[in-house]
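*Asks:* Compact mmCIF, C-alpha atoms, file upload.txt:
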# COMPACT_ATOMS: atom_id res chain seq x y z
CA MET A 1061 -9.90 70.62 5.93
CA ALA A 1062 -7.26 71.05 8.65
CA ASN A 1063 -5.93 67.51 8.17
CA LYS A 1064 -6.54 67.22 4.43
CA ASP A 1065 -3.85 67.50 1.80
CA PHE A 1066 -4.90 70.24 -0.63
CA TYR A 1067 -2.82 68.70 -3.41
CA GLU A 1068 -4.53 65.36 -2.87
CA VAL A 1069 -7.95 67.05 -2.87
CA LEU A 1070 -7.29 68.45 -6.36
CA GLY A 1071 -5.58 65.26 -7.53
CA ILE A 1072 -2.24 66.94 -8.34
CA ASP A 1073 1.33 66.74 -7.04
CA LYS A 1074 3.34 69.45 -5.33
CA SER A 1075 5.22 70.34 -8.51
CA ALA A 1076 1.96 71.25 -10.32
CA SER A 1077 2.01 74.52 -12.26
CA ASP A 1078 -0.60 77.27 -11.91
CA GLU A 1079 -2.23 76.01 -15.10
CA ASP A 1080 -2.32 72.44 -13.72
CA ILE A 1081 -4.02 73.69 -10.57
CA LYS A 1082 -6.62 75.68 -12.50
CA ARG A 1083 -7.31 72.76 -14.86
CA ALA A 1084 -7.77 70.30 -11.98
CA PHE A 1085 -10.05 72.68 -10.12
CA LYS A 1086 -12.23 73.34 -13.16
CA LYS A 1087 -12.68 69.62 -13.81
CA LEU A 1088 -13.67 68.85 -10.21
CA ALA A 1089 -15.85 71.95 -9.86
CA LEU A 1090 -17.87 70.89 -12.89
CA LYS A 1091 -18.23 67.38 -11.50
CA TYR A 1092 -19.31 68.27 -7.95
CA HIS A 1093 -21.15 71.55 -8.52
CA PRO A 1094 -24.39 71.52 -6.47
CA ASP A 1095 -26.45 72.46 -9.52
CA ARG A 1096 -25.47 69.12 -11.01
CA ASN A 1097 -25.85 67.20 -7.75
CA GLN A 1098 -28.97 68.62 -6.19
CA GLY A 1099 -29.70 67.07 -2.81
CA ASP A 1100 -26.32 65.30 -2.66
CA ALA A 1101 -24.73 66.36 0.62
CA GLU A 1102 -21.50 64.49 -0.11
CA ALA A 1103 -21.03 66.28 -3.44
CA GLU A 1104 -21.70 69.62 -1.74
CA GLU A 1105 -19.02 68.87 0.85
CA LYS A 1106 -16.51 67.89 -1.83
CA PHE A 1107 -17.38 71.07 -3.68
CA LYS A 1108 -16.45 73.09 -0.60
CA ASP A 1109 -13.21 71.14 -0.16
CA ILE A 1110 -11.95 71.65 -3.70
CA ASN A 1111 -12.75 75.36 -3.56
CA GLU A 1112 -10.90 75.77 -0.28
CA ALA A 1113 -7.93 73.89 -1.76
CA TYR A 1114 -7.98 76.04 -4.89
CA GLN A 1115 -8.18 79.30 -2.96
CA VAL A 1116 -4.95 78.39 -1.19
CA LEU A 1117 -2.96 76.76 -3.99
CA SER A 1118 -3.88 79.36 -6.63
CA ASP A 1119 -2.45 82.16 -4.49
CA PRO A 1120 1.40 82.11 -4.63
CA GLU A 1121 1.78 83.60 -1.15
CA LYS A 1122 -0.77 81.29 0.48
CA ARG A 1123 0.65 78.29 -1.33
CA GLN A 1124 4.16 79.09 -0.14
CA ARG A 1125 2.99 79.34 3.46
CA TYR A 1126 0.93 76.18 3.09
CA ASP A 1127 3.93 74.27 1.71
CA GLN A 1128 6.09 75.62 4.53
CA PHE A 1129 3.75 75.11 7.49
CA GLY A 1130 1.41 72.41 6.17
CA THR A 1131 -1.71 74.27 7.27
CA ALA A 1132 -4.26 76.67 5.83
CA ASP A 1133 -5.08 78.24 9.22
CA PHE A 1134 -2.88 81.25 8.62
CA ASN A 1135 -4.72 83.55 11.01
CA GLY A 1136 -4.33 81.37 14.04
CA ALA A 1137 -7.14 79.57 15.84
CA GLY A 1138 -10.77 79.52 14.95
CA GLY A 1139 -10.99 81.88 12.00
CA GLY A 1140 -10.54 79.70 8.93
CA PHE A 1141 -8.14 81.50 6.61
CA ASP A 1142 -8.24 84.96 5.17
CA GLY A 1143 -11.98 85.34 5.59
CA PHE A 1144 -13.04 82.33 3.51
CA ASP A 1145 -16.86 82.26 3.55
CA PHE A 1146 -18.82 79.02 3.49
CA GLY A 1147 -22.19 80.76 3.71
CA GLY A 1148 -24.03 79.73 0.54
CA PHE A 1149 -20.70 79.41 -1.28
CA GLY A 1150 -20.58 83.18 -1.32
CA GLY A 1151 -16.78 83.20 -1.21
CA PHE A 1152 -16.49 81.45 -4.56
CA GLY A 1153 -17.65 84.27 -6.81
CA ASP A 1154 -14.24 85.63 -7.77
CA ILE A 1155 -12.85 82.14 -8.30
CA PHE A 1156 -15.58 81.12 -10.72
CA GLY A 1157 -15.45 84.46 -12.45
CA ASP A 1158 -11.75 84.03 -13.17
CA ILE A 1159 -11.99 80.44 -14.38
CA PHE A 1160 -15.39 80.08 -16.00
CA GLY A 1161 -15.64 83.60 -17.33
CA GLY A 1162 -18.53 84.82 -15.22
CA GLY A 1163 -21.08 83.54 -12.71
CA PHE A 1164 -21.27 79.75 -12.54
CA GLY A 1165 -24.67 78.32 -11.83
CA GLY A 1166 -25.62 81.28 -9.66
CA PHE A 1167 -22.79 81.00 -7.13
CA GLY A 1168 -20.99 84.04 -5.88
CA GLY A 1169 -22.43 86.45 -8.42
CA GLY A 1170 -26.08 86.27 -7.42
CA GLY A 1171 -27.00 84.80 -10.82
CA ALA A 1172 -29.55 82.08 -11.40
CA LYS A 1173 -29.59 78.66 -12.89
CA ASN A 1174 -31.66 80.08 -15.72
CA GLY A 1175 -28.68 82.07 -17.04
CA PRO A 1176 -26.96 80.99 -20.27
CA ARG A 1177 -24.88 77.85 -19.76
CA LYS A 1178 -22.67 75.87 -22.07
CA GLY A 1179 -23.93 72.44 -23.08
CA ALA A 1180 -22.34 69.21 -21.92
CA ASP A 1181 -19.21 67.92 -23.63
CA LEU A 1182 -19.22 64.50 -25.30
CA GLU A 1183 -16.55 61.90 -26.04
CA TYR A 1184 -16.19 59.47 -28.92
CA ASP A 1185 -13.63 56.65 -29.20
CA LEU A 1186 -12.34 56.27 -32.76
CA THR A 1187 -10.14 53.35 -33.86
CA LEU A 1188 -7.88 53.76 -36.90
CA THR A 1189 -5.71 51.33 -38.81
CA PHE A 1190 -1.98 52.01 -38.77
CA GLU A 1191 -2.13 53.08 -42.42
CA GLU A 1192 -5.02 55.50 -41.82
CA ALA A 1193 -3.10 57.15 -39.00
CA MET A 1194 0.02 57.50 -41.14
CA THR A 1195 -1.58 59.03 -44.22
CA GLY A 1196 -4.58 60.81 -42.68
CA CYS A 1197 -8.13 60.06 -43.67
CA GLU A 1198 -11.75 61.16 -43.59
CA LYS A 1199 -14.10 59.40 -41.21
CA GLU A 1200 -17.84 59.62 -40.71
CA ILE A 1201 -19.13 58.97 -37.20
CA LYS A 1202 -22.60 58.93 -35.67
CA VAL A 1203 -23.16 60.81 -32.44
CA THR A 1204 -26.30 60.80 -30.33
CA ARG A 1205 -26.78 64.03 -28.40
CA ARG A 1206 -29.42 66.25 -26.83
CA GLU A 1207 -30.38 69.09 -29.14
CA LYS A 1208 -32.86 71.93 -28.94
CA CYS A 1209 -36.39 70.58 -29.33
CA GLU A 1210 -37.66 71.46 -32.79
CA THR A 1211 -41.31 71.41 -31.67
CA CYS A 1212 -41.09 74.04 -28.93
CA GLY A 1213 -37.88 75.78 -30.01
CA GLY A 1214 -36.23 74.80 -26.73
CA SER A 1215 -38.70 76.56 -24.43
CA GLY A 1216 -40.14 73.30 -23.08
CA ALA A 1217 -43.65 74.72 -23.27
CA LYS A 1218 -46.51 73.45 -25.40
CA ALA A 1219 -47.03 75.25 -28.70
CA GLY A 1220 -49.04 78.43 -28.15
CA THR A 1221 -47.93 78.75 -24.52
CA SER A 1222 -44.79 80.00 -22.80
CA PRO A 1223 -43.04 79.44 -19.46
CA LYS A 1224 -44.01 81.74 -16.59
CA THR A 1225 -41.64 83.47 -14.21
CA CYS A 1226 -41.45 81.72 -10.85
CA SER A 1227 -43.31 83.80 -8.27
CA LYS A 1228 -41.34 82.42 -5.33
CA CYS A 1229 -37.86 83.43 -6.47
CA GLY A 1230 -38.85 86.13 -8.96
CA GLY A 1231 -37.04 84.33 -11.77
CA ARG A 1232 -33.69 84.23 -10.01
CA GLY A 1233 -33.78 80.48 -9.42
CA ARG A 1234 -32.35 80.87 -5.89
CA ILE A 1235 -33.77 81.96 -2.59
CA GLN A 1236 -32.24 83.19 0.67
CA VAL A 1237 -32.74 81.00 3.72
CA GLN A 1238 -31.95 82.18 7.24
CA ARG A 1239 -31.06 79.71 9.97
CA ARG A 1240 -30.45 80.28 13.64
CA THR A 1241 -27.27 78.58 14.88
CA PRO A 1242 -25.21 78.73 18.10
CA LEU A 1243 -23.02 81.24 16.28
CA GLY A 1244 -25.95 83.44 15.39
CA VAL A 1245 -28.29 83.80 12.43
CA MET A 1246 -26.70 82.60 9.21
CA SER A 1247 -28.04 83.38 5.76
CA THR A 1248 -27.47 80.92 2.95
CA THR A 1249 -28.48 80.84 -0.69
CA THR A 1250 -30.20 77.70 -1.94
CA THR A 1251 -31.96 76.47 -5.06
CA CYS A 1252 -35.60 77.52 -5.31
CA ASP A 1253 -37.75 74.48 -4.51
CA ALA A 1254 -40.66 75.76 -6.62
CA CYS A 1255 -38.88 76.01 -9.97
CA HIS A 1256 -35.86 73.84 -9.09
CA GLY A 1257 -33.48 76.64 -9.98
CA GLU A 1258 -34.87 77.29 -13.45
CA GLY A 1259 -36.44 80.63 -12.59
CA LYS A 1260 -39.52 79.70 -14.58
CA ILE A 1261 -42.40 77.25 -14.39
CA ILE A 1262 -43.88 75.39 -17.34
CA GLU A 1263 -47.56 74.77 -16.79
CA GLU A 1264 -48.19 72.97 -20.10
CA PRO A 1265 -45.11 70.98 -21.16
CA CYS A 1266 -44.23 70.26 -24.78
CA GLN A 1267 -45.34 66.75 -25.71
CA THR A 1268 -42.19 66.06 -27.72
CA CYS A 1269 -39.55 66.89 -25.11
CA LYS A 1270 -41.80 66.57 -21.99
CA GLY A 1271 -40.86 70.08 -20.93
CA SER A 1272 -37.08 69.66 -21.02
CA GLY A 1273 -36.61 71.76 -24.16
CA LYS A 1274 -34.25 69.09 -25.50
CA GLU A 1275 -34.65 65.97 -27.62
CA ARG A 1276 -32.16 63.24 -28.48
CA LYS A 1277 -30.94 63.16 -32.07
CA THR A 1278 -28.39 61.00 -33.87
CA ARG A 1279 -26.21 62.96 -36.26
CA SER A 1280 -23.57 61.96 -38.80
CA ILE A 1281 -20.40 64.01 -38.51
CA THR A 1282 -17.49 63.93 -40.96
CA ILE A 1283 -14.04 64.19 -39.40
CA ASN A 1284 -10.79 64.95 -41.21
CA ILE A 1285 -8.03 63.03 -39.44
CA PRO A 1286 -4.58 64.59 -40.01
CA ALA A 1287 -1.63 62.36 -40.90
CA GLY A 1288 0.54 61.27 -37.97
CA VAL A 1289 -2.04 60.93 -35.17
CA ASP A 1290 -1.32 58.36 -32.48
CA THR A 1291 -3.06 56.49 -29.71
CA GLY A 1292 -3.90 58.89 -26.90
CA ASN A 1293 -4.36 61.93 -29.15
CA VAL A 1294 -7.60 63.84 -28.58
CA MET A 1295 -9.27 65.90 -31.30
CA PRO A 1296 -11.70 68.56 -30.05
CA LEU A 1297 -14.65 69.43 -32.29
CA ARG A 1298 -15.99 72.73 -30.99
CA GLY A 1299 -19.73 73.12 -30.74
CA GLN A 1300 -20.48 69.47 -31.60
CA GLY A 1301 -21.53 68.51 -28.07
CA GLU A 1302 -24.94 68.84 -26.49
CA ALA A 1303 -27.05 71.98 -26.80
CA GLY A 1304 -26.51 74.78 -24.30
CA GLU A 1305 -29.02 75.95 -21.74
CA ASN A 1306 -30.97 79.19 -22.04
CA GLY A 1307 -29.16 80.43 -25.10
CA GLY A 1308 -25.72 79.21 -23.99
CA PRO A 1309 -23.27 77.72 -26.53
CA ALA A 1310 -23.24 74.03 -27.38
CA GLY A 1311 -20.67 71.79 -25.73
CA ASP A 1312 -17.70 70.23 -27.50
CA LEU A 1313 -17.11 66.73 -28.87
CA TYR A 1314 -13.77 65.14 -28.03
CA ILE A 1315 -12.50 62.38 -30.35
CA ASN A 1316 -10.24 59.91 -28.52
CA ILE A 1317 -7.86 58.34 -31.04
CA ARG A 1318 -6.72 54.70 -30.88
CA VAL A 1319 -4.39 53.32 -33.55
CA MET A 1320 -4.16 49.59 -34.24
CA THR A 1321 -0.76 47.90 -34.17
CA HIS A 1322 1.02 46.87 -37.37
CA LYS A 1323 2.47 43.42 -38.02
CA THR A 1324 5.76 44.83 -39.36
CA PHE A 1325 6.19 48.39 -38.14
CA LYS A 1326 6.60 49.58 -34.58
CA ARG A 1327 6.11 53.26 -33.92
CA LYS A 1328 8.22 55.19 -31.40
CA GLY A 1329 7.23 58.83 -31.41
CA ASN A 1330 7.56 59.99 -35.01
CA ASP A 1331 9.99 57.21 -35.92
CA ILE A 1332 9.23 53.76 -37.30
CA HIS A 1333 11.28 50.67 -36.41
CA MET A 1334 11.35 47.28 -38.09
CA GLU A 1335 13.53 44.20 -38.54
CA THR A 1336 14.65 42.44 -41.72
CA HIS A 1337 16.50 39.12 -42.10
CA ILE A 1338 19.34 38.36 -44.53
CA SER A 1339 21.47 35.27 -45.02
CA PHE A 1340 25.00 34.86 -43.72
CA GLY A 1341 26.42 35.00 -47.25
CA LYS A 1342 24.61 38.22 -48.14
CA ALA A 1343 25.78 39.83 -44.93
CA VAL A 1344 29.38 38.93 -45.83
CA LEU A 1345 29.24 39.90 -49.49
CA GLY A 1346 26.71 42.75 -49.26
CA THR A 1347 23.37 42.89 -51.03
CA ASP A 1348 20.42 45.04 -52.07
CA ILE A 1349 17.23 44.58 -50.07
CA LYS A 1350 13.71 45.86 -50.43
CA VAL A 1351 12.51 47.72 -47.36
CA PRO A 1352 8.76 48.32 -46.90
CA THR A 1353 7.90 51.84 -45.71
CA ILE A 1354 4.63 53.72 -45.30
CA ASP A 1355 5.35 55.23 -48.73
CA GLY A 1356 5.95 51.84 -50.37
CA ASP A 1357 9.03 49.66 -50.94
CA VAL A 1358 12.45 51.28 -51.24
CA THR A 1359 15.75 49.65 -52.17
CA TYR A 1360 18.59 49.82 -49.67
CA LYS A 1361 22.15 48.63 -50.26
CA VAL A 1362 23.46 46.58 -47.35
CA PRO A 1363 27.26 46.93 -47.32
CA ALA A 1364 29.56 43.90 -47.24
CA GLY A 1365 30.49 42.70 -43.77
CA THR A 1366 27.29 43.87 -42.10
CA GLN A 1367 26.97 42.46 -38.60
CA SER A 1368 23.77 41.10 -37.13
CA GLY A 1369 21.96 43.77 -35.13
CA THR A 1370 23.20 46.65 -37.27
CA ILE A 1371 20.59 49.42 -37.59
CA PHE A 1372 20.27 51.53 -40.73
CA ARG A 1373 18.33 54.80 -40.97
CA LEU A 1374 16.09 55.92 -43.81
CA LYS A 1375 15.88 59.66 -43.17
CA GLY A 1376 12.48 61.30 -43.54
CA LYS A 1377 10.64 58.02 -44.13
CA GLY A 1378 8.93 57.94 -40.74
CA VAL A 1379 5.69 59.35 -39.36
CA PRO A 1380 4.45 62.79 -40.52
CA ARG A 1381 4.35 65.36 -37.73
CA VAL A 1382 0.74 66.26 -37.00
CA ASN A 1383 -0.27 69.59 -38.53
CA SER A 1384 3.37 70.41 -39.08
CA ALA A 1385 6.13 70.08 -41.65
CA GLY A 1386 8.67 67.29 -41.55
CA ARG A 1387 8.66 63.62 -40.72
CA GLY A 1388 10.45 61.20 -38.49
CA ASP A 1389 12.86 58.51 -39.69
CA HIS A 1390 12.53 54.83 -40.57
CA TYR A 1391 14.99 52.48 -38.82
CA VAL A 1392 15.83 48.99 -40.11
CA LYS A 1393 17.51 46.46 -37.85
CA VAL A 1394 19.33 43.76 -39.84
CA ILE A 1395 19.26 40.23 -38.45
CA VAL A 1396 21.80 37.84 -39.98
CA ASP A 1397 20.43 34.31 -40.12
CA VAL A 1398 22.98 31.63 -39.25
CA PRO A 1399 22.05 28.25 -40.78
CA LYS A 1400 21.22 25.60 -38.22
CA SER A 1401 22.21 22.69 -40.44
CA LEU A 1402 24.36 22.24 -43.55
CA ASN A 1403 24.50 19.58 -46.24
CA GLY A 1404 27.81 18.05 -47.24
CA GLU A 1405 28.56 20.47 -50.01
CA GLN A 1406 27.79 23.49 -47.85
CA GLU A 1407 29.93 22.12 -45.03
CA GLU A 1408 32.92 21.55 -47.28
CA ALA A 1409 32.57 25.01 -48.77
CA LEU A 1410 32.48 26.57 -45.32
CA LYS A 1411 35.54 24.62 -44.20
CA ALA A 1412 37.37 25.76 -47.30
CA PHE A 1413 36.44 29.34 -46.47
CA MET A 1414 37.74 28.93 -42.93
CA ASN A 1415 40.98 27.36 -44.17
CA ALA A 1416 41.42 30.33 -46.49
CA CYS A 1417 41.05 32.57 -43.46
CA GLY A 1418 43.63 30.55 -41.53
CA GLU A 1419 41.03 29.06 -39.22
CA THR A 1420 40.60 25.46 -38.22
CA VAL A 1421 37.54 23.73 -36.91
CA GLU A 1422 38.23 22.47 -33.41
CA GLY A 1423 35.82 20.42 -31.39
CA ALA A 1424 33.17 20.42 -34.10
CA PRO A 1425 31.01 17.30 -33.91
CA GLU A 1426 31.59 14.81 -36.71
CA LYS A 1427 28.69 13.77 -38.85
CA LYS A 1428 27.42 10.34 -37.96
CA LYS A 1429 28.34 7.63 -40.49
CA HIS A 1430 25.47 5.36 -41.29
CA LYS A 1431 26.31 1.68 -41.25
CA LYS A 1432 25.60 -0.12 -44.47
CA GLY A 1433 22.87 -2.71 -44.27
CA ILE A 1434 23.08 -6.14 -45.82
CA PHE A 1435 21.75 -4.87 -49.14
CA GLY A 1436 24.10 -1.93 -49.08
CA LYS A 1437 27.08 -4.18 -48.71
So that I can check it, write out the structure of this file as structure tokens.
*Replies:*
Amino acid sequence: MANKDFYEVLGIDKSASDEDIKRAFKKLALKYHPDRNQGDAEAEEKFKDINEAYQVLSDPEKRQRYDQFGTADFNGAGGGFDGFDFGGFGGFGDIFGDIFGGGFGGFGGGGAKNGPRKGADLEYDLTLTFEEAMTGCEKEIKVTRREKCETCGGSGAKAGTSPKTCSKCGGRGRIQVQRRTPLGVMSTTTTCDACHGEGKIIEEPCQTCKGSGKERKTRSITINIPAGVDTGNVMPLRGQGEAGENGGPAGDLYINIRVMTHKTFKRKGNDIHMETHISFGKAVLGTDIKVPTIDGDVTYKVPAGTQSGTIFRLKGKGVPRVNSAGRGDHYVKVIVDVPKSLNGEQEEALKAFMNACGETVEGAPEKKKHKKGIFGK
């Protein structure tokens, strides 16, 4: 790790807060944890890297020295830094205890894979119309997830039987392995190859779940969408993910919101913007116009002499603030339409108006006079 950028390893920038660092570490630790990548040497190496990076960046003093000197070798040559231990990931116990609230998959705390573990989280992409997002709505979605097997009650064993404690690891799910190296004998902790870290062996698997203790089910879930949600919002539904392991809690279901665009309204934060067109005469004389809003049409009085591009505000007619009081505003941009062509009567009227204003028409193209044909003459 001497030449690696710890910030790059965790996927954060140098201005990241302590909470940003912890969040990035947790996400990567879950992804590359050896229990989830058994036999994957590359994942194991990445797991070591992100833990080394976190141990430095999560400590204010170490982070300051790292930022100043650009190295984690604070003790000089050969010793790593501050006694960091790579032997069986033993140095990670305190880190995982702080972040995950206890032993994580048996690392650092001597626990086993057969301890209670939270189930996997799920995601669901939900598309809403603009109107649904503005007013809020109720949606029913279908989610397929792994739940506790109803046949065996989640044990994975055939009815009338039960799993047996692994004799090789004594139910711990991990075994100690000693290896002789040029630096001496090193002891590492590894997953038990007899029970694959479960701490138990199922001799007669359940026919429904094939010994996994889980079966896939499709469930209908009703969601109450609050008014004002926008694209990019994420709604967490606690406990609606996949079933936990060994009595652990179920995971969570995250609803990713996407809101369709509207043909008239454009949303900017909690405000709504739109354009409306009026004639030249109405802009000069003033007029009443109907303005569509998410609450329905409202009448707005456009004052005389309004210029094209003028923006009016309808206070409190914008987007509701999610789970909060108050709303944004509704902005109307007025576009004055200038006629591209006039008939004779309109042209004379306009000239009379300009004469009344003391203006003259200079350089205006004259209308072409059509020659009379033989029958016209």
*Asks:* Mind checking which residues fall within 10 Å of range 1286-1301 of chain A, counting only C-alpha atoms, ignoring those fewer than 5 positions away in the same chain, and posting them as an NGL selection string?
*Replies:* :A and (1178-1188 or 1190-1198 or 1203-1207 or 1279 or 1281 or 1309-1321 or 1327 or 1329-1330 or 1378-1384 or 1387-1388)
*Asks:* Identify, on the basis of only C-alpha atoms, every residue whose closest approach to range 1338-1346 of chain A does not exceed 8 Å; exclude the query and any residue fewer than 2 positions from it along the same chain; express the result as number ranges by chain.
*Replies:* A: 1336, 1348, 1361-1367, 1394-1399
*Asks:* Only C-alpha atoms, please: the residues just picked out, written as a PDB file, in the frame of the given file.
*Replies:*
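So part15.pdb came out as:
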ATOM      1  CA  THR A1336      14.650  42.440 -41.720  1.00  0.00           C
ATOM      2  CA  ASP A1348      20.420  45.040 -52.070  1.00  0.00           C
ATOM      3  CA  LYS A1361      22.150  48.630 -50.260  1.00  0.00           C
ATOM      4  CA  VAL A1362      23.460  46.580 -47.350  1.00  0.00           C
ATOM      5  CA  PRO A1363      27.260  46.930 -47.320  1.00  0.00           C
ATOM      6  CA  ALA A1364      29.560  43.900 -47.240  1.00  0.00           C
ATOM      7  CA  GLY A1365      30.490  42.700 -43.770  1.00  0.00           C
ATOM      8  CA  THR A1366      27.290  43.870 -42.100  1.00  0.00           C
ATOM      9  CA  GLN A1367      26.970  42.460 -38.600  1.00  0.00           C
ATOM     10  CA  VAL A1394      19.330  43.760 -39.840  1.00  0.00           C
ATOM     11  CA  ILE A1395      19.260  40.230 -38.450  1.00  0.00           C
ATOM     12  CA  VAL A1396      21.800  37.840 -39.980  1.00  0.00           C
ATOM     13  CA  ASP A1397      20.430  34.310 -40.120  1.00  0.00           C
ATOM     14  CA  VAL A1398      22.980  31.630 -39.250  1.00  0.00           C
ATOM     15  CA  PRO A1399      22.050  28.250 -40.780  1.00  0.00           C
TER      16      PRO A1399
END
*Asks:* If we count all atoms listed in the file, what is near range 1086-1094 of chain A at a cut-off of 7 Å, once residues fewer than 5 positions away on the same chain are taken out, given as a CSV table (one decimal) with C-alpha atoms, keeping the file's coordinate frame?
*Replies:*
chain,number,residue,atom,x,y,z
A,1103,ALA,CA,-21.0,66.3,-3.4
A,1104,GLU,CA,-21.7,69.6,-1.7
A,1106,LYS,CA,-16.5,67.9,-1.8
A,1107,PHE,CA,-17.4,71.1,-3.7
*Asks:* Neighbouring residues of Gly1220 in chain A were defined as those with any atom within 12 Å, considering only C-alpha atoms; residues of the same chain fewer than 5 positions away were excluded. Please report them as a PyMOL selection string.
*Replies:* chain A and resi 1211-1213+1215+1264-1266
*Asks:* May I have the residues within 12 Å of Phe1066 in chain A as a list in words, using only C-alpha atoms and disregarding those fewer than 6 positions away in the same chain?
*Replies:*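 So, after excluding close chain neighbours, the residues are Ile1072, Asp1073, Lys1074, Ala1076, Ile1081, Ala1084, Phe1085, Lys1106, Lys1108, Asp1109, Ile1110, Asn1111, Glu1112, Ala1113, Tyr1114, Gln1115, Val1116, Leu1117, Ser1118, Lys1122, Arg1123, Tyr1126, Asp1127, Gly1130, Thr1131 and Ala1132 of chain A.
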*Asks:* What gap, in Å, lies between CA of Cys1226 in chain A and CA of Glu1263 in chain A?
*Replies:* 11.0 Å
*Asks:* For CA of Gly1231 in chain A and CA of His1256 in chain A, quote the distance in Å rounded to one decimal.
*Replies:* 10.9 Å
*Asks:* Within 10 Å of (-32.3, 81.0, -2.8), in the coordinates the file gives, what residues turn up when you count all atoms listed in the file, written out as a ChimeraX atom specification?
*Replies:* /A:1148,1166,1170,1172,1228-1229,1232-1237,1247-1253,1257
*Asks:* May I ask for the distance between CA of Ile1354 in chain A and CA of Glu1200 in chain A, given in Å to one decimal place?
*Replies:* 23.7 Å
*Asks:* With distances taken over all atoms listed in the file, which residue among A:Glu1258, A:Glu1102, A:Glu1305, A:Glu1210 lies nearest Glu1275 in chain A?
*Replies:*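 Of the candidates, the smallest distance to Glu1275 in chain A is held by A:Glu1210.
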*Asks:* Which of these residues is nearest to Thr1189 in chain A, using all atoms listed in the file: A:Lys1224, A:Asp1331, A:Ile1285, A:Ile1371?
*Replies:*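 With all atoms listed in the file as the atom set, the closest residue is A:Ile1285.
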